[in-house]
Protein chains: 2
Amino acid sequence: MTKKRVVIAGMGFGGLRAAKALAGSDVELIMVDRNNYHLFQPLLYQVATAGLEQEAIAYPLRGLTRRWQGASFLLAEINGIDLAEKCILTDAGPVAYDYLVVAAGSRTNFFGMESVALHAFDLKRLDQAEDLRNHILLMFEQASREPDPQRRSALLTFVIVGGGPTGVEFAGALRELIVYVLSQDHPTISSAETRIVLVEAADSLLTAMPDDLRRYAQRKLSSMGVEVLLESRVVGATAESVELYGGDVIASHTLFWSAGVSAAELAGYLEGVERGASGRIVVQPDLSIKGYPEVFVVGDMACYLADGTPLPMMAPVASQQGDYAARIIRAREQGGTIPPFRYLDKGSMATIGRSSAVAAAAGFKFRGYIAWVAWLLLHLYYLIGFRNRLVVMMNWTYAYWFQERQVRLITAKKRRAVSL
Amino acid sequence: MTKKRVVIAGMGFGGLRAAKALAGSDVELIMVDRNNYHLFQPLLYQVATAGLEQEAIAYPLRGLTRRWQGASFLLAEINGIDLAEKCILTDAGPVAYDYLVVAAGSRTNFFGMESVALHAFDLKRLDQAEDLRNHILLMFEQASREPDPQRRSALLTFVIVGGGPTGVEFAGALRELIVYVLSQDHPTISSAETRIVLVEAADSLLTAMPDDLRRYAQRKLSSMGVEVLLESRVVGATAESVELYGGDVIASHTLFWSAGVSAAELAGYLEGVERGASGRIVVQPDLSIKGYPEVFVVGDMACYLADGTPLPMMAPVASQQGDYAARIIRAREQGGTIPPFRYLDKGSMATIGRSSAVAAAAGFKFRGYIAWVAWLLLHLYYLIGFRNRLVVMMNWTYAYWFQERQVRLITAKKRRAVSL
């Protein structure tokens with residue numbers, strides 16, 4: 001009897017966890033991704049703010065298949081899924097499957113605003129983080145030699161959209177980059193003449209957090225010098241300006257967008273399958289697609305209703321669902337089954353700055369130094385690879401002691417050179 | 001009395017050393033470079049062979065100007081030098097000087113062979129190292145799914161031109177990447193079916209080294225599995241082949257060129273100035289240009305005759321000349337002068353692989369383990385920045401213990417996608 005083949009499409013948190021849980025079991029495992037590495041997305045913002053080298057948050061997938069019996073890796077772009085024929089179509093040819101785990105994650109959602117999509121930075125991929133870092137550093141280089149005060153001020157204004165964890169963490173990290181590093185690097189630029197504006201549509205930041213933690217986060221950011229605009233929305237952008245709902249315009253060369261995601265392109269390849277909000281695939285209680293018990297969707301792509309509400313698009317959901325998909329496949333192969341998927345909410349956290357974070361878990365609330373240390377340790381724990389952990393820890397220690405960020409390199413000047 | 005202004009054009013080894021020696025003295029110092037970092041070029045080949053992250057060999061120049069009194073940095077592309085008006089022309093406007101140190105280094109010389117220039121990789125810039133790494137890793141990904149044996153073999157064949165230190169070091173590092181890492185990553189590819197061909201026009205490798213070290217290097221490389229072709233030249237290339245003088249063609253998708261350099265473009269902006277071989281600027285015994293005692297040329301760009309022979313284009317020459325330029329400027333400012341420049345040859349070295357290198361210094365010759373350790377220590381010593389030294393040391397230790405290279409990431413697939 002030949003082994004059943006499990007294909008995992010996408011090696012983010014969901015795919016990785018599914019693969020890990022299936023490795024060494026009695027199946028043939030094929031991991032497919034367009035990149036040859038797993039990316040630790042929660043730390044992308046630290047690459048963008050010159051705190052980490054990009055290589056530290058990526059782990060080569062073949063470093064895993066080497067160790068995992070029965071597992072192999074295919075570097076390929078998936079451009080179709082044939083549910084009837086049970087195969088995925090890739091630029092390296094078709095790959096047949098007995099079980100399929102679809103885990104391609106999400107993409108940034110600009111809600112149809114073309115001018116924003118064109119001019120905003122977002123953080124999904126490694127090269128985007130490098131681009132954004134290059135851009136921020138370049139703004140300071142250009143401002144330092146810009147004689148016109150208005151243009152100079154626009155170069156030194158940074159607009160961040162979205163008050164979720166990514167927006168909050170990026171705002172805090174950018175502020176610290178400016179205060180501790182860039183204003184020291186540029187003796188002619190004072191941090192007081194730089195502006196960071198954090199725009200959020202709701203009436204508070206970090207809406208998934210308890211009330212007092214929300215208020216703490218906002219107070220802390222404000223005290224650091226970040227302008228928080230609540231109940232406000234960005235509706236348009238040019239290379240040099242950001243337009244708010246109501247007509248206000250902020251002169252700024254940098255717009256960072258973290259205000260929404262929708263299911264990755266791959267979701268569109270699953271024809272005739274029910275979709276939920278944000279283009280997510282509606283899944284059964286066992287994470288399979290209706291009518292295709294051999295196809296599971298996990299993570300950001302899956303719309304799983306818990307008490308009538310879709311689970312949030314975040315790493316812990318993806319990991320738990322990836323693990324579940326692996327377990328149900330193993331159970332079925334042994335002729336059994338397991339109970340429906342249940343999400344165990346372990347809480348959420350966001351770091352704001354040096355020695356400052358918020359965390360809510362299991363009914364407990366933490367803030368300040370202790371939450372910050374917990375954030376550091378958890379992120380180190382979830383990073384893949386001993387070497388990466390070492391490099392990240394070293395960078396963090398170095399930054400903490402010396403208030404320095406040595407990865408402030410402009411490695412390319414391809415994107416959006418601003419004419420002076 | 002206003003301070004005299006010294007402009008340093010180019011922050012490689014020569015410019016950096018000149019700046020360091022001038023910092024804190026009674027001059028205004030402006031460092032100009034097209035990048036915001038100093039690049040440690042001797043380790044570029046380790047970035048290209050997935051041994052180091054690119055950020056580890058770059059140091060932000062503003063990290064230096066922060067500490068150096070009277071020094072400032074200008075990120076700019078230089079597109080002209082007006083010797084009569086004493087100013088350099090940049091894309092950020094003209095910059096006047098009282099003294100100018102021209103230290104823009106060298107560019108790769110393809111000796112007019114357009115097909116080679118078009119298809120070969122070379123290593124001068126950080127992005128080139130990343131490109132080459134991506135390309136090498138991609139060749140293995142493509143070979144692992146290529147059914148045609150001939151095409152597969154071409155994907156797994158790597159041609160290196162130039163048997164100097166760069167070619168030798170790259171060949172050894174690539175071989176070890178393949179043997180220890182990539183052939184483990186790809187269970188379907190054995191290192192025996194990969195080929196590395198090192199092509200050198202002379203009758204030995206490392207022609208600057210003593211005879212027995214040359215032979216050792218060649219023996220060692222051969223024993224590692226590198227094919228060494230002496231008295232041979234590459235005369236043409238396509239995306240999938242390399243043509244040798246005499247008509248032989250090697251089917252290969254990867255051509256690495258380290259067979260020649262010439263002075264950087266900037267040399268062409270010095271009009272009416274005498275040129276030596278490779279477009280280098282002929283300098284006076286004090287490194288100034290004839291008729292312009294306030295303009296010094298140092299490093300690869302300078303053609304300085306010592307006993308009738310131009311000094312080689314290498315880092316130690318550049319460093320010593322940069323230091324000399326700084327010292328003569330300081331002396332002149334104090335109304336004095338110093339004796340002509342003299343190069344102190346501290347020897348040369350090249351690493352071949354794990355525990356194996358050659359070094360010749362002060363009449364002594366070393367090879368094997370001791371030369372390798374000396375090579376490691378010297379390179380760590382000359383790297384700029386405590387953090388970078390730590391990261392590099394950590395990578396080397398990790399690679400030595402675990403025979404692993406974790407930076408094997410394909411970070412972009414822009415360049416030269418090979419159709420399958």
# chains A, B, ... in the order shown; residues from 1 in each chain; ligands from 1
>>> interface_residues(of="chain A", to="chain B", cutoff="7 Å", atoms="only C-alpha atoms", output="list of chain:residue names")
A:Asn35, A:Asn36, A:Tyr37, A:Glu53, A:Glu55, A:Pro60, A:Arg62, A:Gly63, A:Arg66, A:Leu75, A:Glu141, A:Gln184, A:Asp185, A:Gln406, A:Val407, A:Arg408, A:Leu409, A:Ile410
>>> write_last_selection(atoms="N, CA and C atoms", output="CSV table (one decimal), in the first residue's frame")
chain,number,residue,atom,x,y,z
A,35,ASN,N,8.1,31.0,-1.3
A,35,ASN,CA,9.4,31.3,-0.7
A,35,ASN,C,10.1,30.1,-0.1
A,36,ASN,N,11.4,30.1,-0.1
A,36,ASN,CA,12.0,28.9,0.5
A,36,ASN,C,12.2,29.0,2.0
A,37,TYR,N,11.5,29.9,2.6
A,37,TYR,CA,11.6,30.1,4.0
A,37,TYR,C,10.3,30.3,4.7
A,53,GLU,N,18.0,42.4,11.4
A,53,GLU,CA,18.3,42.1,10.0
A,53,GLU,C,17.2,41.1,9.5
A,55,GLU,N,17.2,38.5,7.8
A,55,GLU,CA,17.5,37.1,7.8
A,55,GLU,C,17.2,36.5,9.2
A,60,PRO,N,15.0,28.8,6.7
A,60,PRO,CA,14.9,28.0,5.5
A,60,PRO,C,14.1,26.7,5.7
A,62,ARG,N,13.9,24.0,3.9
A,62,ARG,CA,14.7,22.8,3.7
A,62,ARG,C,15.5,22.4,5.0
A,63,GLY,N,15.7,23.4,5.8
A,63,GLY,CA,16.3,23.0,7.1
A,63,GLY,C,15.4,22.1,8.0
A,66,ARG,N,14.9,18.4,6.0
A,66,ARG,CA,16.1,17.6,6.3
A,66,ARG,C,15.9,16.7,7.5
A,75,LEU,N,9.5,24.6,-4.0
A,75,LEU,CA,9.4,26.0,-4.2
A,75,LEU,C,8.6,26.3,-5.4
A,141,GLU,N,17.7,61.3,5.3
A,141,GLU,CA,18.8,61.8,4.5
A,141,GLU,C,18.3,62.9,3.7
A,184,GLN,N,20.0,61.4,16.6
A,184,GLN,CA,21.5,61.5,16.9
A,184,GLN,C,22.3,61.4,15.7
A,185,ASP,N,21.9,60.6,14.7
A,185,ASP,CA,22.6,60.5,13.5
A,185,ASP,C,22.6,61.8,12.7
A,406,GLN,N,21.9,49.0,14.6
A,406,GLN,CA,23.0,49.1,13.6
A,406,GLN,C,22.5,48.7,12.2
A,407,VAL,N,21.3,48.1,12.1
A,407,VAL,CA,20.9,47.7,10.8
A,407,VAL,C,20.3,48.9,10.0
A,408,ARG,N,20.7,50.1,10.3
A,408,ARG,CA,20.1,51.2,9.6
A,408,ARG,C,20.8,51.4,8.3
A,409,LEU,N,20.6,50.5,7.4
A,409,LEU,CA,21.3,50.5,6.1
A,409,LEU,C,20.2,50.8,5.0
A,410,ILE,N,20.6,51.6,4.1
A,410,ILE,CA,19.8,51.9,2.9
A,410,ILE,C,20.3,50.9,1.9
>>> select_by_dssp(residues="segment 113-188 of chain A", states="alpha helix (DSSP H)", output="PyMOL selection string")
chain A and resi 114-119+126-143+149-155+165-176+183-185
>>> write_last_selection(atoms="N, CA and C atoms", output="short mmCIF file (atom, residue, chain, number, x, y, z; two decimals), in the first residue's frame")
data_model
loop_
_atom_site.label_atom_id
_atom_site.label_comp_id
_atom_site.auth_asym_id
_atom_site.auth_seq_id
_atom_site.Cartn_x
_atom_site.Cartn_y
_atom_site.Cartn_z
N GLU A 114 -7.54 52.90 -4.49
CA GLU A 114 -6.38 52.70 -5.36
C GLU A 114 -5.21 53.61 -5.01
N SER A 115 -5.51 54.85 -4.68
CA SER A 115 -4.41 55.78 -4.39
C SER A 115 -3.65 55.34 -3.14
N VAL A 116 -4.37 54.77 -2.20
CA VAL A 116 -3.71 54.27 -0.99
C VAL A 116 -2.88 53.03 -1.33
N ALA A 117 -3.48 52.11 -2.08
CA ALA A 117 -2.76 50.89 -2.46
C ALA A 117 -1.47 51.24 -3.19
N LEU A 118 -1.53 52.31 -3.99
CA LEU A 118 -0.37 52.69 -4.79
C LEU A 118 0.73 53.29 -3.94
N HIS A 119 0.37 54.08 -2.93
CA HIS A 119 1.38 54.86 -2.21
C HIS A 119 1.71 54.34 -0.83
N LEU A 126 9.10 39.99 3.39
CA LEU A 126 10.42 40.43 3.82
C LEU A 126 10.90 41.63 3.02
N ASP A 127 10.72 41.58 1.71
CA ASP A 127 11.22 42.69 0.90
C ASP A 127 10.46 43.98 1.19
N GLN A 128 9.20 43.87 1.63
CA GLN A 128 8.46 45.08 1.99
C GLN A 128 9.05 45.73 3.24
N ALA A 129 9.49 44.90 4.17
CA ALA A 129 10.09 45.44 5.39
C ALA A 129 11.40 46.15 5.06
N GLU A 130 12.18 45.55 4.17
CA GLU A 130 13.45 46.18 3.76
C GLU A 130 13.17 47.48 3.01
N ASP A 131 12.18 47.45 2.12
CA ASP A 131 11.79 48.66 1.39
C ASP A 131 11.40 49.78 2.34
N LEU A 132 10.60 49.44 3.32
CA LEU A 132 10.12 50.46 4.26
C LEU A 132 11.27 51.02 5.08
N ARG A 133 12.16 50.14 5.53
CA ARG A 133 13.34 50.61 6.27
C ARG A 133 14.17 51.57 5.40
N ASN A 134 14.45 51.15 4.17
CA ASN A 134 15.21 52.01 3.26
C ASN A 134 14.52 53.36 3.12
N HIS A 135 13.20 53.31 2.97
CA HIS A 135 12.44 54.54 2.74
C HIS A 135 12.52 55.48 3.95
N ILE A 136 12.32 54.94 5.14
CA ILE A 136 12.36 55.78 6.35
C ILE A 136 13.73 56.45 6.49
N LEU A 137 14.79 55.65 6.31
CA LEU A 137 16.14 56.20 6.44
C LEU A 137 16.40 57.25 5.37
N LEU A 138 15.89 57.00 4.18
CA LEU A 138 16.08 57.94 3.08
C LEU A 138 15.37 59.26 3.35
N MET A 139 14.20 59.18 3.99
CA MET A 139 13.47 60.42 4.32
C MET A 139 14.35 61.32 5.19
N PHE A 140 15.05 60.71 6.15
CA PHE A 140 15.91 61.51 7.02
C PHE A 140 17.11 62.07 6.24
N GLU A 141 17.68 61.25 5.35
CA GLU A 141 18.80 61.75 4.54
C GLU A 141 18.34 62.94 3.70
N GLN A 142 17.15 62.82 3.13
CA GLN A 142 16.67 63.90 2.26
C GLN A 142 16.29 65.13 3.08
N ALA A 143 15.66 64.90 4.22
CA ALA A 143 15.28 66.03 5.06
C ALA A 143 16.51 66.81 5.53
N PRO A 149 11.35 74.54 4.46
CA PRO A 149 10.83 74.02 5.73
C PRO A 149 9.59 73.15 5.56
N GLN A 150 8.72 73.52 4.63
CA GLN A 150 7.50 72.73 4.45
C GLN A 150 7.79 71.35 3.87
N ARG A 151 8.67 71.33 2.88
CA ARG A 151 9.03 70.04 2.31
C ARG A 151 9.77 69.18 3.34
N ARG A 152 10.62 69.85 4.09
CA ARG A 152 11.36 69.14 5.14
C ARG A 152 10.40 68.52 6.15
N SER A 153 9.40 69.28 6.53
CA SER A 153 8.43 68.78 7.49
C SER A 153 7.64 67.59 6.93
N ALA A 154 7.30 67.65 5.65
CA ALA A 154 6.58 66.54 5.03
C ALA A 154 7.44 65.27 4.99
N LEU A 155 8.74 65.47 4.75
CA LEU A 155 9.66 64.33 4.73
C LEU A 155 9.75 63.68 6.11
N PRO A 165 -2.44 45.75 16.89
CA PRO A 165 -1.09 45.49 17.39
C PRO A 165 0.00 45.95 16.42
N THR A 166 -0.16 45.68 15.11
CA THR A 166 0.89 46.05 14.16
C THR A 166 1.10 47.55 14.12
N GLY A 167 0.00 48.30 14.03
CA GLY A 167 0.11 49.75 13.98
C GLY A 167 0.72 50.32 15.24
N VAL A 168 0.30 49.80 16.38
CA VAL A 168 0.81 50.29 17.67
C VAL A 168 2.29 49.95 17.81
N GLU A 169 2.64 48.71 17.49
CA GLU A 169 4.03 48.30 17.65
C GLU A 169 4.94 49.07 16.69
N PHE A 170 4.47 49.24 15.45
CA PHE A 170 5.27 49.97 14.48
C PHE A 170 5.44 51.42 14.91
N ALA A 171 4.36 52.04 15.39
CA ALA A 171 4.43 53.45 15.82
C ALA A 171 5.45 53.61 16.94
N GLY A 172 5.39 52.72 17.94
CA GLY A 172 6.32 52.81 19.05
C GLY A 172 7.76 52.60 18.61
N ALA A 173 7.98 51.59 17.76
CA ALA A 173 9.34 51.28 17.32
C ALA A 173 9.90 52.39 16.45
N LEU A 174 9.05 52.98 15.62
CA LEU A 174 9.50 54.08 14.76
C LEU A 174 9.87 55.29 15.61
N ARG A 175 9.04 55.56 16.61
CA ARG A 175 9.32 56.70 17.48
C ARG A 175 10.67 56.51 18.18
N GLU A 176 10.92 55.31 18.66
CA GLU A 176 12.19 55.07 19.35
C GLU A 176 13.37 55.12 18.38
N SER A 183 17.73 60.93 15.27
CA SER A 183 17.99 62.33 15.62
C SER A 183 19.41 62.50 16.15
N GLN A 184 20.04 61.42 16.59
CA GLN A 184 21.46 61.48 16.94
C GLN A 184 22.31 61.43 15.68
N ASP A 185 21.87 60.62 14.73
CA ASP A 185 22.60 60.49 13.47
C ASP A 185 22.62 61.80 12.69
#
>>> select_by_dssp(residues="segment 161-205 of chain A", states="strand (DSSP E)", output="number ranges by chain")
A: 161, 195-199
>>> atom_distance(atom1="atom CA of Ile352 of chain A", atom2="atom CA of Gln320 of chain A")
26.3 Å
>>> atom_distance(atom1="atom CA of Asn79 of chain B", atom2="atom CA of Asp26 of chain B")
28.3 Å
>>> decode(residues="segment 193-210 of chain B", atoms="N, CA and C atoms", output="PDB file, in the first residue's frame")
ATOM      1  N   GLU B 193      27.285  15.130  -8.513  1.00  0.00           N
ATOM      2  CA  GLU B 193      26.813  15.547  -9.837  1.00  0.00           C
ATOM      3  C   GLU B 193      26.863  17.067 -10.032  1.00  0.00           C
ATOM      4  N   THR B 194      27.368  17.779  -9.023  1.00  0.00           N
ATOM      5  CA  THR B 194      27.566  19.217  -9.199  1.00  0.00           C
ATOM      6  C   THR B 194      28.997  19.462  -9.674  1.00  0.00           C
ATOM      7  N   ARG B 195      29.195  20.578 -10.373  1.00  0.00           N
ATOM      8  CA  ARG B 195      30.537  20.909 -10.857  1.00  0.00           C
ATOM      9  C   ARG B 195      30.873  22.343 -10.526  1.00  0.00           C
ATOM     10  N   ILE B 196      32.074  22.551 -10.027  1.00  0.00           N
ATOM     11  CA  ILE B 196      32.591  23.913  -9.906  1.00  0.00           C
ATOM     12  C   ILE B 196      33.873  23.964 -10.720  1.00  0.00           C
ATOM     13  N   VAL B 197      33.912  24.865 -11.687  1.00  0.00           N
ATOM     14  CA  VAL B 197      35.083  24.992 -12.548  1.00  0.00           C
ATOM     15  C   VAL B 197      35.712  26.356 -12.303  1.00  0.00           C
ATOM     16  N   LEU B 198      36.969  26.338 -11.887  1.00  0.00           N
ATOM     17  CA  LEU B 198      37.692  27.586 -11.632  1.00  0.00           C
ATOM     18  C   LEU B 198      38.665  27.830 -12.779  1.00  0.00           C
ATOM     19  N   VAL B 199      38.431  28.924 -13.504  1.00  0.00           N
ATOM     20  CA  VAL B 199      39.194  29.210 -14.720  1.00  0.00           C
ATOM     21  C   VAL B 199      40.193  30.338 -14.445  1.00  0.00           C
ATOM     22  N   GLU B 200      41.454  30.073 -14.709  1.00  0.00           N
ATOM     23  CA  GLU B 200      42.499  31.096 -14.469  1.00  0.00           C
ATOM     24  C   GLU B 200      43.409  31.181 -15.690  1.00  0.00           C
ATOM     25  N   ALA B 201      43.691  32.430 -16.097  1.00  0.00           N
ATOM     26  CA  ALA B 201      44.497  32.636 -17.304  1.00  0.00           C
ATOM     27  C   ALA B 201      45.970  32.304 -17.083  1.00  0.00           C
ATOM     28  N   ALA B 202      46.487  32.539 -15.879  1.00  0.00           N
ATOM     29  CA  ALA B 202      47.903  32.278 -15.607  1.00  0.00           C
ATOM     30  C   ALA B 202      48.147  30.777 -15.418  1.00  0.00           C
ATOM     31  N   ASP B 203      49.387  30.416 -15.131  1.00  0.00           N
ATOM     32  CA  ASP B 203      49.685  28.989 -14.984  1.00  0.00           C
ATOM     33  C   ASP B 203      49.596  28.525 -13.535  1.00  0.00           C
ATOM     34  N   SER B 204      49.083  29.390 -12.658  1.00  0.00           N
ATOM     35  CA  SER B 204      48.845  28.959 -11.270  1.00  0.00           C
ATOM     36  C   SER B 204      47.792  29.861 -10.636  1.00  0.00           C
ATOM     37  N   LEU B 205      47.250  29.378  -9.524  1.00  0.00           N
ATOM     38  CA  LEU B 205      46.327  30.205  -8.747  1.00  0.00           C
ATOM     39  C   LEU B 205      47.124  31.172  -7.871  1.00  0.00           C
ATOM     40  N   LEU B 206      46.484  32.170  -7.326  1.00  0.00           N
ATOM     41  CA  LEU B 206      47.073  33.076  -6.326  1.00  0.00           C
ATOM     42  C   LEU B 206      48.479  33.514  -6.715  1.00  0.00           C
ATOM     43  N   THR B 207      48.602  34.133  -7.863  1.00  0.00           N
ATOM     44  CA  THR B 207      49.933  34.444  -8.409  1.00  0.00           C
ATOM     45  C   THR B 207      50.741  35.378  -7.513  1.00  0.00           C
ATOM     46  N   ALA B 208      50.078  36.071  -6.576  1.00  0.00           N
ATOM     47  CA  ALA B 208      50.833  36.959  -5.687  1.00  0.00           C
ATOM     48  C   ALA B 208      51.499  36.192  -4.548  1.00  0.00           C
ATOM     49  N   MET B 209      51.214  34.889  -4.453  1.00  0.00           N
ATOM     50  CA  MET B 209      51.703  34.089  -3.321  1.00  0.00           C
ATOM     51  C   MET B 209      52.987  33.342  -3.702  1.00  0.00           C
ATOM     52  N   PRO B 210      53.757  32.909  -2.709  1.00  0.00           N
ATOM     53  CA  PRO B 210      54.914  32.051  -2.998  1.00  0.00           C
ATOM     54  C   PRO B 210      54.478  30.738  -3.646  1.00  0.00           C
TER      55      PRO B 210
END
